[in-house]
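Data block for protein.json (JSON, C-alpha atoms):
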[["chain", "number", "residue", "atom", "x", "y", "z"],
["V", 1, "MET", "CA", 0.00, 0.00, 0.00],
["V", 2, "ALA", "CA", 2.83, 2.37, 0.82],
["V", 3, "GLU", "CA", 4.48, 1.64, -2.53],
["V", 4, "ASP", "CA", 1.29, 2.58, -4.37],
["V", 5, "ASP", "CA", 1.17, 5.89, -2.50],
["V", 6, "MET", "CA", 4.81, 6.57, -3.33],
["V", 7, "GLU", "CA", 4.22, 5.86, -7.03],
["V", 8, "LEU", "CA", 1.16, 8.08, -7.02],
["V", 9, "ASP", "CA", 3.08, 10.92, -5.35],
["V", 10, "GLN", "CA", 5.83, 10.58, -7.95],
["V", 11, "LEU", "CA", 3.27, 10.79, -10.77],
["V", 12, "PHE", "CA", 1.72, 13.92, -9.27],
["V", 13, "ALA", "CA", 5.14, 15.52, -8.82],
["V", 14, "GLN", "CA", 6.06, 14.74, -12.43],
["V", 15, "ALA", "CA", 2.73, 16.25, -13.62],
["V", 16, "ARG", "CA", 3.46, 19.44, -11.64],
["V", 17, "ARG", "CA", 6.91, 19.78, -13.21],
["V", 18, "ASN", "CA", 5.71, 19.17, -16.78],
["V", 19, "ARG", "CA", 2.76, 21.55, -16.68],
["V", 20, "PRO", "CA", 1.80, 22.72, -20.21],
["V", 21, "GLU", "CA", 1.46, 26.46, -20.77],
["V", 22, "MET", "CA", -1.92, 27.90, -21.76],
["V", 23, "PRO", "CA", -2.04, 30.05, -24.88],
["V", 24, "ASP", "CA", -2.29, 33.77, -24.15],
["V", 25, "ASP", "CA", -5.45, 34.28, -26.24],
["V", 26, "LEU", "CA", -7.25, 31.53, -24.25],
["V", 27, "VAL", "CA", -6.32, 33.23, -20.97],
["V", 28, "VAL", "CA", -7.61, 36.57, -22.30],
["V", 29, "ARG", "CA", -10.91, 34.99, -23.43],
["V", 30, "ILE", "CA", -11.41, 33.24, -20.08],
["V", 31, "LEU", "CA", -10.74, 36.43, -18.09],
["V", 32, "THR", "CA", -13.00, 38.49, -20.38],
["V", 33, "ASP", "CA", -15.83, 35.99, -19.97],
["V", 34, "ALA", "CA", -15.35, 35.94, -16.20],
["V", 35, "GLU", "CA", -15.53, 39.75, -16.08],
["V", 36, "MET", "CA", -18.73, 39.78, -18.14],
["V", 37, "VAL", "CA", -20.33, 37.23, -15.79],
["V", 38, "ARG", "CA", -19.25, 39.25, -12.76],
["V", 39, "LEU", "CA", -20.71, 42.47, -14.16],
["V", 40, "ASP", "CA", -23.93, 40.67, -15.14],
["V", 41, "ARG", "CA", -24.37, 39.41, -11.60],
["V", 42, "MET", "CA", -23.86, 42.90, -10.18],
["V", 43, "ARG", "CA", -26.76, 44.30, -12.23],
["V", 44, "PRO", "CA", -29.96, 44.60, -10.15],
["V", 45, "VAL", "CA", -32.62, 42.05, -10.99],
["V", 46, "ILE", "CA", -35.99, 43.58, -11.84],
["V", 47, "PRO", "CA", -38.81, 41.13, -11.12],
["V", 48, "PRO", "CA", -41.19, 40.53, -14.03],
["V", 49, "ARG", "CA", -44.47, 42.41, -13.87],
["V", 50, "SER", "CA", -47.74, 40.53, -13.74],
["V", 51, "VAL", "CA", -50.20, 40.56, -16.61],
["V", 52, "TRP", "CA", -52.74, 42.54, -14.57],
["V", 53, "ALA", "CA", -50.18, 45.22, -13.74],
["V", 54, "ARG", "CA", -49.33, 45.61, -17.42],
["V", 55, "ILE", "CA", -53.03, 45.82, -18.36],
["V", 56, "LEU", "CA", -53.62, 48.40, -15.65],
["V", 57, "ASP", "CA", -50.73, 50.50, -16.97],
["V", 58, "GLY", "CA", -52.06, 50.15, -20.51],
["V", 59, "ILE", "CA", -55.48, 51.48, -19.44],
["V", 60, "GLY", "CA", -53.97, 54.44, -17.64],
["V", 61, "GLY", "CA", -53.60, 53.46, -14.00],
["V", 62, "TRP", "CA", -56.00, 53.29, -11.08],
["V", 63, "GLN", "CA", -57.60, 56.62, -11.91],
["V", 64, "SER", "CA", -58.76, 55.37, -15.29],
["V", 65, "MET", "CA", -59.79, 52.02, -13.83],
["V", 66, "SER", "CA", -62.04, 53.74, -11.25],
["V", 67, "GLY", "CA", -63.72, 55.74, -14.03],
["V", 68, "LEU", "CA", -64.20, 52.57, -16.04],
["V", 69, "ALA", "CA", -65.77, 50.84, -13.03],
["V", 70, "ALA", "CA", -68.13, 53.76, -12.42],
["V", 71, "ALA", "CA", -69.20, 53.84, -16.07],
["V", 72, "SER", "CA", -69.78, 50.07, -16.02],
["V", 73, "ALA", "CA", -71.89, 50.31, -12.87],
["V", 74, "ALA", "CA", -73.95, 53.13, -14.39],
["V", 75, "GLY", "CA", -74.48, 51.08, -17.56],
["V", 76, "VAL", "CA", -75.72, 48.09, -15.60],
["V", 77, "TRP", "CA", -78.01, 50.32, -13.54],
["V", 78, "ILE", "CA", -79.46, 52.02, -16.60],
["V", 79, "GLY", "CA", -79.85, 48.63, -18.27],
["V", 80, "PHE", "CA", -81.95, 47.18, -15.45],
["V", 81, "ALA", "CA", -83.83, 50.29, -14.37],
["V", 82, "ALA", "CA", -84.25, 52.14, -17.65],
["V", 83, "PRO", "CA", -85.83, 55.62, -17.60],
["V", 84, "ASP", "CA", -89.23, 56.08, -19.21],
["V", 85, "PHE", "CA", -87.86, 57.69, -22.36],
["V", 86, "LEU", "CA", -85.65, 54.68, -23.11],
["V", 87, "PRO", "CA", -87.01, 51.32, -24.23],
["V", 88, "ASP", "CA", -86.92, 48.64, -21.56],
["V", 89, "PRO", "CA", -84.56, 45.82, -22.65],
["V", 90, "ALA", "CA", -86.65, 43.23, -20.81],
["V", 91, "THR", "CA", -89.76, 44.04, -22.88],
["V", 92, "ILE", "CA", -87.72, 43.88, -26.09],
["V", 93, "ILE", "CA", -86.57, 40.36, -25.27],
["V", 94, "TYR", "CA", -89.85, 39.13, -23.73],
["V", 95, "PRO", "CA", -92.83, 41.34, -24.66],
["V", 96, "GLN", "CA", -95.58, 41.48, -22.03],
["V", 97, "ASP", "CA", -98.55, 42.25, -24.31],
["V", 98, "THR", "CA", -98.29, 39.04, -26.33],
["V", 99, "SER", "CA", -101.06, 36.52, -25.87],
["V", 100, "PHE", "CA", -100.55, 32.86, -26.43],
["V", 101, "VAL", "CA", -103.06, 30.57, -28.10],
["V", 102, "VAL", "CA", -103.13, 27.04, -26.86],
["V", 103, "ALA", "CA", -104.26, 24.63, -29.54],
["V", 104, "ASP", "CA", -106.64, 21.79, -28.78],
["V", 105, "LEU", "CA", -104.72, 18.70, -29.69],
["V", 106, "GLY", "CA", -107.40, 16.19, -28.72],
["V", 107, "LEU", "CA", -107.66, 13.01, -30.78],
["V", 108, "ASP", "CA", -110.37, 13.18, -33.41],
["V", 109, "ALA", "CA", -111.68, 9.64, -33.73],
["V", 110, "THR", "CA", -114.49, 10.26, -36.27],
["V", 111, "PHE", "CA", -112.44, 8.76, -39.08],
["V", 112, "LEU", "CA", -112.32, 5.48, -37.21],
["V", 113, "GLU", "CA", -116.15, 5.25, -37.06],
["V", 114, "ASP", "CA", -116.41, 5.55, -40.84],
["V", 115, "ALA", "CA", -114.01, 2.70, -41.41],
["V", 116, "GLU", "CA", -116.21, 0.09, -39.68]]

I need this file expressed as structure tokens, please.
Amino acid sequence: MAEDDMELDQLFAQARRNRPEMPDDLVVRILTDAEMVRLDRMRPVIPPRSVWARILDGIGGWQSMSGLAAASAAGVWIGFAAPDFLPDPATIIYPQDTSFVVADLGLDATFLEDAE
């Protein structure tokens, strides 16, 4: 076991003595890449904005959203409780003055009497 360790130590020592030199352009590229990574990590990370935040900004902010909500509420109110000068949407869909005729669908058996 001790001989194996001695041989291994000799191999490591020989590898340290016969170390190949790196080309200068490779060293420059490695150091340049390392500097770019370091600078990229120093940049502050901005968290992504949610979809709703982007929509809200597109509309114009909370001020515009409150106006939109008020106009929507007024539209629903006017739709359900229409003033007299506007037609009532409920009567357009389901008119109240329509009468229904129910047909008598009783079986007429007189044709059977003639057949006998």

What does the distance from atom CA of Thr32 of chain V to atom CA of Pro20 of chain V come to in Å, to one decimal? 21.6 Å

Please determine an axis-aligned box that encloses all atoms of segment 79-84 of chain V listed in the file, with 8 Å added on each side, and express its centre and edge lengths in Å to one decimal as JSON.
{"center_x": -84.5, "center_y": 51.6, "center_z": -16.8, "size_x": 25.4, "size_y": 24.9, "size_z": 20.8}

In Å to one decimal, how far is atom CA of Trp77 of chain V from atom CA of Gly61 of chain V? 24.6 Å
